[in-house]
Amino acid sequence: DTGVSQDPRHKITKRGQNVTFRCDPISEHNRLYWYRQTLGQGPEFLTYFQNEAQLEKSRLLSDRFSAERPKGSFSTLEIQRTEQGDSAMYLCASSPNPLAGGSGTGELFFGEGSRLTVL
Amino acid sequence: GENVEQHPSTLSVQEGDSAVIKCTYSDSASNYFPWYKQELGKRPQLIIDIRSNVGEKKDQRIAVTLNKTAKHFSLHITETQPEDSAVYFCAATYSGGGADGLTFGKGTHLIIQP
């Protein structure tokens, strides 16, 4: 399968614990995005990388959240001191082309997501 | 920042009829408007997109229209089929300024009645 893969698919943790999610994008894609989706809502943008550079972070991304993409390939999203409100599906997506200048389709290729449950 | 409103939240249509989902956006600078389909338990997938230099785009049974003046865009599905049942999300963003994070609507649950 050459699509976007995420690990783990499910994570149950106790409040206050740290969790880390990993995303492996489609290999030739230089853009990588993290979104959060709760039941009955659309995906909410968290952050994105172009290669290894983190270019934008949403206001939703509190200081307990940190994302990295050290070599411009896979990315990790860490949540420290988890709270019950962090329970959600964390979606990763990658894209081959920037939208700037009208080039590329702009399509995001999503992974299956990592579902976090904080007890 | 951008705010995207989507209506209706649930839409039930008879198989073979047409379905229309509407979205409005707040940021007049937004210039890229994709639509994603998410089947139960699966990942969102792009079904069609439109840029602000185009008023309408069609792909087989699916079409999207954009009214920049009114800041709204719509998804039209004709001759609906059971496999069209899913949640549909509209989204908007401004591309070209280095910030390409999509703002999604809350979704429309489309139910196709046999």
# chains A, B, ... in the order shown; residues from 1 in each chain; ligands from 1
>>> residues_around(residues="range 83-89 of chain B", least_positions_apart="2", cutoff="6 Å", atoms="only C-alpha atoms", output="PyMOL selection string")
chain B and resi 35-39+81+105+107-112
>>> residues_around(residues="Arg64 in chain A", least_positions_apart="5", cutoff="7 Å", atoms="only C-alpha atoms", output="PyMOL selection string")
chain A and resi 79-81
>>> closest_atom_pairs(of="chain A", to="chain B", cutoff="12 Å", atoms="only C-alpha atoms", output="JSON lines")
{"residue": "A:Gly3", "atom": "CA", "partner": "B:Arg43", "partner_atom": "CA", "distance": 11.2}
{"residue": "A:Val4", "atom": "CA", "partner": "B:Arg43", "partner_atom": "CA", "distance": 10.3}
{"residue": "A:Ser5", "atom": "CA", "partner": "B:Arg43", "partner_atom": "CA", "distance": 11.1}
{"residue": "A:Gln6", "atom": "CA", "partner": "B:Arg43", "partner_atom": "CA", "distance": 11.5}
{"residue": "A:Arg9", "atom": "CA", "partner": "B:Gly41", "partner_atom": "CA", "distance": 11.8}
{"residue": "A:Arg31", "atom": "CA", "partner": "B:Asp100", "partner_atom": "CA", "distance": 10.0}
{"residue": "A:Leu32", "atom": "CA", "partner": "B:Gly101", "partner_atom": "CA", "distance": 10.4}
{"residue": "A:Tyr33", "atom": "CA", "partner": "B:Gly101", "partner_atom": "CA", "distance": 7.9}
{"residue": "A:Trp34", "atom": "CA", "partner": "B:Gly101", "partner_atom": "CA", "distance": 9.4}
{"residue": "A:Tyr35", "atom": "CA", "partner": "B:Gly101", "partner_atom": "CA", "distance": 9.3}
{"residue": "A:Arg36", "atom": "CA", "partner": "B:Phe104", "partner_atom": "CA", "distance": 11.1}
{"residue": "A:Gln37", "atom": "CA", "partner": "B:Lys106", "partner_atom": "CA", "distance": 9.9}
{"residue": "A:Thr38", "atom": "CA", "partner": "B:Lys106", "partner_atom": "CA", "distance": 10.1}
{"residue": "A:Leu39", "atom": "CA", "partner": "B:Lys106", "partner_atom": "CA", "distance": 9.9}
{"residue": "A:Gly40", "atom": "CA", "partner": "B:Lys106", "partner_atom": "CA", "distance": 7.0}
{"residue": "A:Gln41", "atom": "CA", "partner": "B:Lys106", "partner_atom": "CA", "distance": 4.6}
{"residue": "A:Gly42", "atom": "CA", "partner": "B:Lys106", "partner_atom": "CA", "distance": 4.4}
{"residue": "A:Pro43", "atom": "CA", "partner": "B:Phe104", "partner_atom": "CA", "distance": 6.1}
{"residue": "A:Glu44", "atom": "CA", "partner": "B:Thr103", "partner_atom": "CA", "distance": 6.8}
{"residue": "A:Phe45", "atom": "CA", "partner": "B:Gly101", "partner_atom": "CA", "distance": 6.1}
{"residue": "A:Leu46", "atom": "CA", "partner": "B:Gly101", "partner_atom": "CA", "distance": 8.2}
{"residue": "A:Thr47", "atom": "CA", "partner": "B:Gly101", "partner_atom": "CA", "distance": 7.5}
{"residue": "A:Tyr48", "atom": "CA", "partner": "B:Gly101", "partner_atom": "CA", "distance": 7.3}
{"residue": "A:Phe49", "atom": "CA", "partner": "B:Asp100", "partner_atom": "CA", "distance": 10.2}
{"residue": "A:Gln50", "atom": "CA", "partner": "B:Gly98", "partner_atom": "CA", "distance": 9.7}
{"residue": "A:Ala53", "atom": "CA", "partner": "B:Gly98", "partner_atom": "CA", "distance": 11.8}
{"residue": "A:Gln54", "atom": "CA", "partner": "B:Ala99", "partner_atom": "CA", "distance": 10.7}
{"residue": "A:Leu55", "atom": "CA", "partner": "B:Ala99", "partner_atom": "CA", "distance": 7.3}
{"residue": "A:Glu56", "atom": "CA", "partner": "B:Ala99", "partner_atom": "CA", "distance": 6.4}
{"residue": "A:Lys57", "atom": "CA", "partner": "B:Gly101", "partner_atom": "CA", "distance": 9.0}
{"residue": "A:Ser58", "atom": "CA", "partner": "B:Gly101", "partner_atom": "CA", "distance": 8.7}
{"residue": "A:Arg59", "atom": "CA", "partner": "B:Gly1", "partner_atom": "CA", "distance": 10.1}
{"residue": "A:Met89", "atom": "CA", "partner": "B:Arg43", "partner_atom": "CA", "distance": 10.6}
{"residue": "A:Tyr90", "atom": "CA", "partner": "B:Arg43", "partner_atom": "CA", "distance": 11.1}
{"residue": "A:Leu91", "atom": "CA", "partner": "B:Arg43", "partner_atom": "CA", "distance": 8.4}
{"residue": "A:Cys92", "atom": "CA", "partner": "B:Arg43", "partner_atom": "CA", "distance": 9.9}
{"residue": "A:Ala93", "atom": "CA", "partner": "B:Pro44", "partner_atom": "CA", "distance": 9.7}
{"residue": "A:Ser94", "atom": "CA", "partner": "B:Gly101", "partner_atom": "CA", "distance": 11.6}
{"residue": "A:Ser95", "atom": "CA", "partner": "B:Asp100", "partner_atom": "CA", "distance": 10.7}
{"residue": "A:Asn97", "atom": "CA", "partner": "B:Asp100", "partner_atom": "CA", "distance": 10.9}
{"residue": "A:Pro98", "atom": "CA", "partner": "B:Asp100", "partner_atom": "CA", "distance": 7.9}
{"residue": "A:Leu99", "atom": "CA", "partner": "B:Ser95", "partner_atom": "CA", "distance": 5.3}
{"residue": "A:Ala100", "atom": "CA", "partner": "B:Gly96", "partner_atom": "CA", "distance": 3.8}
{"residue": "A:Gly101", "atom": "CA", "partner": "B:Gly96", "partner_atom": "CA", "distance": 6.1}
{"residue": "A:Gly102", "atom": "CA", "partner": "B:Ser95", "partner_atom": "CA", "distance": 7.9}
{"residue": "A:Ser103", "atom": "CA", "partner": "B:Gly96", "partner_atom": "CA", "distance": 10.0}
{"residue": "A:Gly104", "atom": "CA", "partner": "B:Ser95", "partner_atom": "CA", "distance": 11.3}
{"residue": "A:Thr105", "atom": "CA", "partner": "B:Asp49", "partner_atom": "CA", "distance": 8.1}
{"residue": "A:Gly106", "atom": "CA", "partner": "B:Tyr32", "partner_atom": "CA", "distance": 8.4}
{"residue": "A:Glu107", "atom": "CA", "partner": "B:Leu46", "partner_atom": "CA", "distance": 6.5}
{"residue": "A:Leu108", "atom": "CA", "partner": "B:Leu46", "partner_atom": "CA", "distance": 7.3}
{"residue": "A:Phe109", "atom": "CA", "partner": "B:Gln45", "partner_atom": "CA", "distance": 7.0}
{"residue": "A:Phe110", "atom": "CA", "partner": "B:Arg43", "partner_atom": "CA", "distance": 6.0}
{"residue": "A:Gly111", "atom": "CA", "partner": "B:Arg43", "partner_atom": "CA", "distance": 6.3}
{"residue": "A:Glu112", "atom": "CA", "partner": "B:Arg43", "partner_atom": "CA", "distance": 5.2}
{"residue": "A:Gly113", "atom": "CA", "partner": "B:Arg43", "partner_atom": "CA", "distance": 7.4}
{"residue": "A:Ser114", "atom": "CA", "partner": "B:Arg43", "partner_atom": "CA", "distance": 11.0}
{"residue": "A:Arg115", "atom": "CA", "partner": "B:Gly41", "partner_atom": "CA", "distance": 11.0}
>>> residues_around(residues="Glu15 in chain B", least_positions_apart="3", cutoff="9 Å", atoms="only C-alpha atoms", output="list in words")
Ser18, Glu79, Thr80, Gln81, Pro82, Ile112, Gln113 and Pro114 of chain B
>>> write_last_selection(atoms="C-alpha atoms", output="PDB file, in the first residue's frame")
ATOM      1  CA  SER B  18     -30.561  15.264  -7.343  1.00  0.00           C
ATOM      2  CA  GLU B  79     -28.959  10.793 -10.607  1.00  0.00           C
ATOM      3  CA  THR B  80     -27.995   9.821  -7.081  1.00  0.00           C
ATOM      4  CA  GLN B  81     -27.005   6.215  -6.401  1.00  0.00           C
ATOM      5  CA  PRO B  82     -26.720   4.194  -3.162  1.00  0.00           C
ATOM      6  CA  ILE B 112     -29.873   7.940  -0.522  1.00  0.00           C
ATOM      7  CA  GLN B 113     -33.252   6.254  -0.026  1.00  0.00           C
ATOM      8  CA  PRO B 114     -33.857   3.201  -2.247  1.00  0.00           C
TER       9      PRO B 114
END
>>> closest_residue(among="A:Thr117, A:Ser73, A:Phe65, A:Leu60", to="His29 in chain A", atoms="only C-alpha atoms")
A:Ser73
>>> select_by_dssp(residues="chain A", states="helix (DSSP H, G or I)", output="number ranges by chain")
A: 84-86, 100-102
>>> closest_residue(among="B:Val4, B:Leu75, B:Ala70, B:Val54", to="Tyr25 in chain B", atoms="only C-alpha atoms")
B:Val4
>>> select_by_dssp(residues="chain A", states="strand (DSSP E)", output="PDB file with C-alpha atoms, in the first residue's frame")
ATOM      1  CA  SER A   5      -0.113   5.420   6.776  1.00  0.00           C
ATOM      2  CA  GLN A   6      -0.660   6.337  10.418  1.00  0.00           C
ATOM      3  CA  ASP A   7       0.290   4.561  13.610  1.00  0.00           C
ATOM      4  CA  HIS A  10      -6.183   3.488  18.133  1.00  0.00           C
ATOM      5  CA  LYS A  11      -4.798   4.772  21.402  1.00  0.00           C
ATOM      6  CA  ILE A  12      -6.461   4.752  24.803  1.00  0.00           C
ATOM      7  CA  THR A  13      -4.672   6.649  27.519  1.00  0.00           C
ATOM      8  CA  VAL A  19       0.997  10.207  23.470  1.00  0.00           C
ATOM      9  CA  THR A  20       2.776  10.261  20.122  1.00  0.00           C
ATOM     10  CA  PHE A  21       1.369   9.558  16.679  1.00  0.00           C
ATOM     11  CA  ARG A  22       3.358   8.810  13.566  1.00  0.00           C
ATOM     12  CA  CYS A  23       2.505   9.576   9.960  1.00  0.00           C
ATOM     13  CA  ASP A  24       4.264   8.237   6.873  1.00  0.00           C
ATOM     14  CA  ARG A  31       3.748  18.665   2.014  1.00  0.00           C
ATOM     15  CA  LEU A  32       2.375  17.034   5.147  1.00  0.00           C
ATOM     16  CA  TYR A  33      -0.642  18.149   7.183  1.00  0.00           C
ATOM     17  CA  TRP A  34      -2.143  17.262  10.556  1.00  0.00           C
ATOM     18  CA  TYR A  35      -5.869  17.639  11.194  1.00  0.00           C
ATOM     19  CA  ARG A  36      -8.125  16.756  14.108  1.00  0.00           C
ATOM     20  CA  GLN A  37     -11.678  15.478  13.628  1.00  0.00           C
ATOM     21  CA  GLU A  44      -9.807  20.986  11.846  1.00  0.00           C
ATOM     22  CA  PHE A  45      -6.422  22.144  10.593  1.00  0.00           C
ATOM     23  CA  LEU A  46      -3.591  21.842  13.135  1.00  0.00           C
ATOM     24  CA  THR A  47      -0.318  22.319  11.286  1.00  0.00           C
ATOM     25  CA  TYR A  48       1.568  21.618   8.092  1.00  0.00           C
ATOM     26  CA  PHE A  49       5.105  21.040   6.846  1.00  0.00           C
ATOM     27  CA  GLN A  50       6.794  21.645   3.567  1.00  0.00           C
ATOM     28  CA  ALA A  53       9.920  23.126   7.717  1.00  0.00           C
ATOM     29  CA  GLN A  54       6.798  23.689   9.807  1.00  0.00           C
ATOM     30  CA  LEU A  55       5.163  26.564   7.928  1.00  0.00           C
ATOM     31  CA  GLU A  56       1.890  27.121   9.727  1.00  0.00           C
ATOM     32  CA  LYS A  57       0.313  26.270  13.068  1.00  0.00           C
ATOM     33  CA  PHE A  65       1.024  19.800  21.121  1.00  0.00           C
ATOM     34  CA  SER A  66       4.223  19.513  19.131  1.00  0.00           C
ATOM     35  CA  ALA A  67       4.833  18.197  15.645  1.00  0.00           C
ATOM     36  CA  GLU A  68       8.052  17.352  13.892  1.00  0.00           C
ATOM     37  CA  SER A  75       6.142  13.143  10.904  1.00  0.00           C
ATOM     38  CA  THR A  76       5.235  12.767  14.565  1.00  0.00           C
ATOM     39  CA  LEU A  77       2.558  14.556  16.560  1.00  0.00           C
ATOM     40  CA  GLU A  78       3.041  14.499  20.325  1.00  0.00           C
ATOM     41  CA  ILE A  79       0.433  15.520  22.874  1.00  0.00           C
ATOM     42  CA  ALA A  88     -10.533  12.823  18.662  1.00  0.00           C
ATOM     43  CA  MET A  89      -9.391  11.310  15.399  1.00  0.00           C
ATOM     44  CA  TYR A  90      -6.016  12.720  14.348  1.00  0.00           C
ATOM     45  CA  LEU A  91      -5.716  12.718  10.597  1.00  0.00           C
ATOM     46  CA  CYS A  92      -2.536  13.101   8.607  1.00  0.00           C
ATOM     47  CA  ALA A  93      -2.557  14.099   4.945  1.00  0.00           C
ATOM     48  CA  SER A  94       0.085  14.676   2.322  1.00  0.00           C
ATOM     49  CA  SER A  95       0.137  16.601  -0.917  1.00  0.00           C
ATOM     50  CA  PHE A 109      -4.358  12.408   0.464  1.00  0.00           C
ATOM     51  CA  PHE A 110      -5.519  11.449   3.942  1.00  0.00           C
ATOM     52  CA  SER A 114      -5.253   7.689  14.713  1.00  0.00           C
ATOM     53  CA  ARG A 115      -8.152   7.619  17.148  1.00  0.00           C
ATOM     54  CA  LEU A 116      -7.275   8.926  20.618  1.00  0.00           C
ATOM     55  CA  THR A 117      -9.435   8.240  23.651  1.00  0.00           C
ATOM     56  CA  VAL A 118      -8.439   9.985  26.884  1.00  0.00           C
TER      57      VAL A 118
END
>>> closest_residue(among="B:Ser30, B:Gln14, B:Ser52, B:Thr24", to="Thr78 in chain B", atoms="only C-alpha atoms")
B:Gln14
>>> closest_residue(among="A:Glu52, A:Pro8, A:Ser62, A:Glu28", to="Asp86 in chain A", atoms="only C-alpha atoms")
A:Ser62
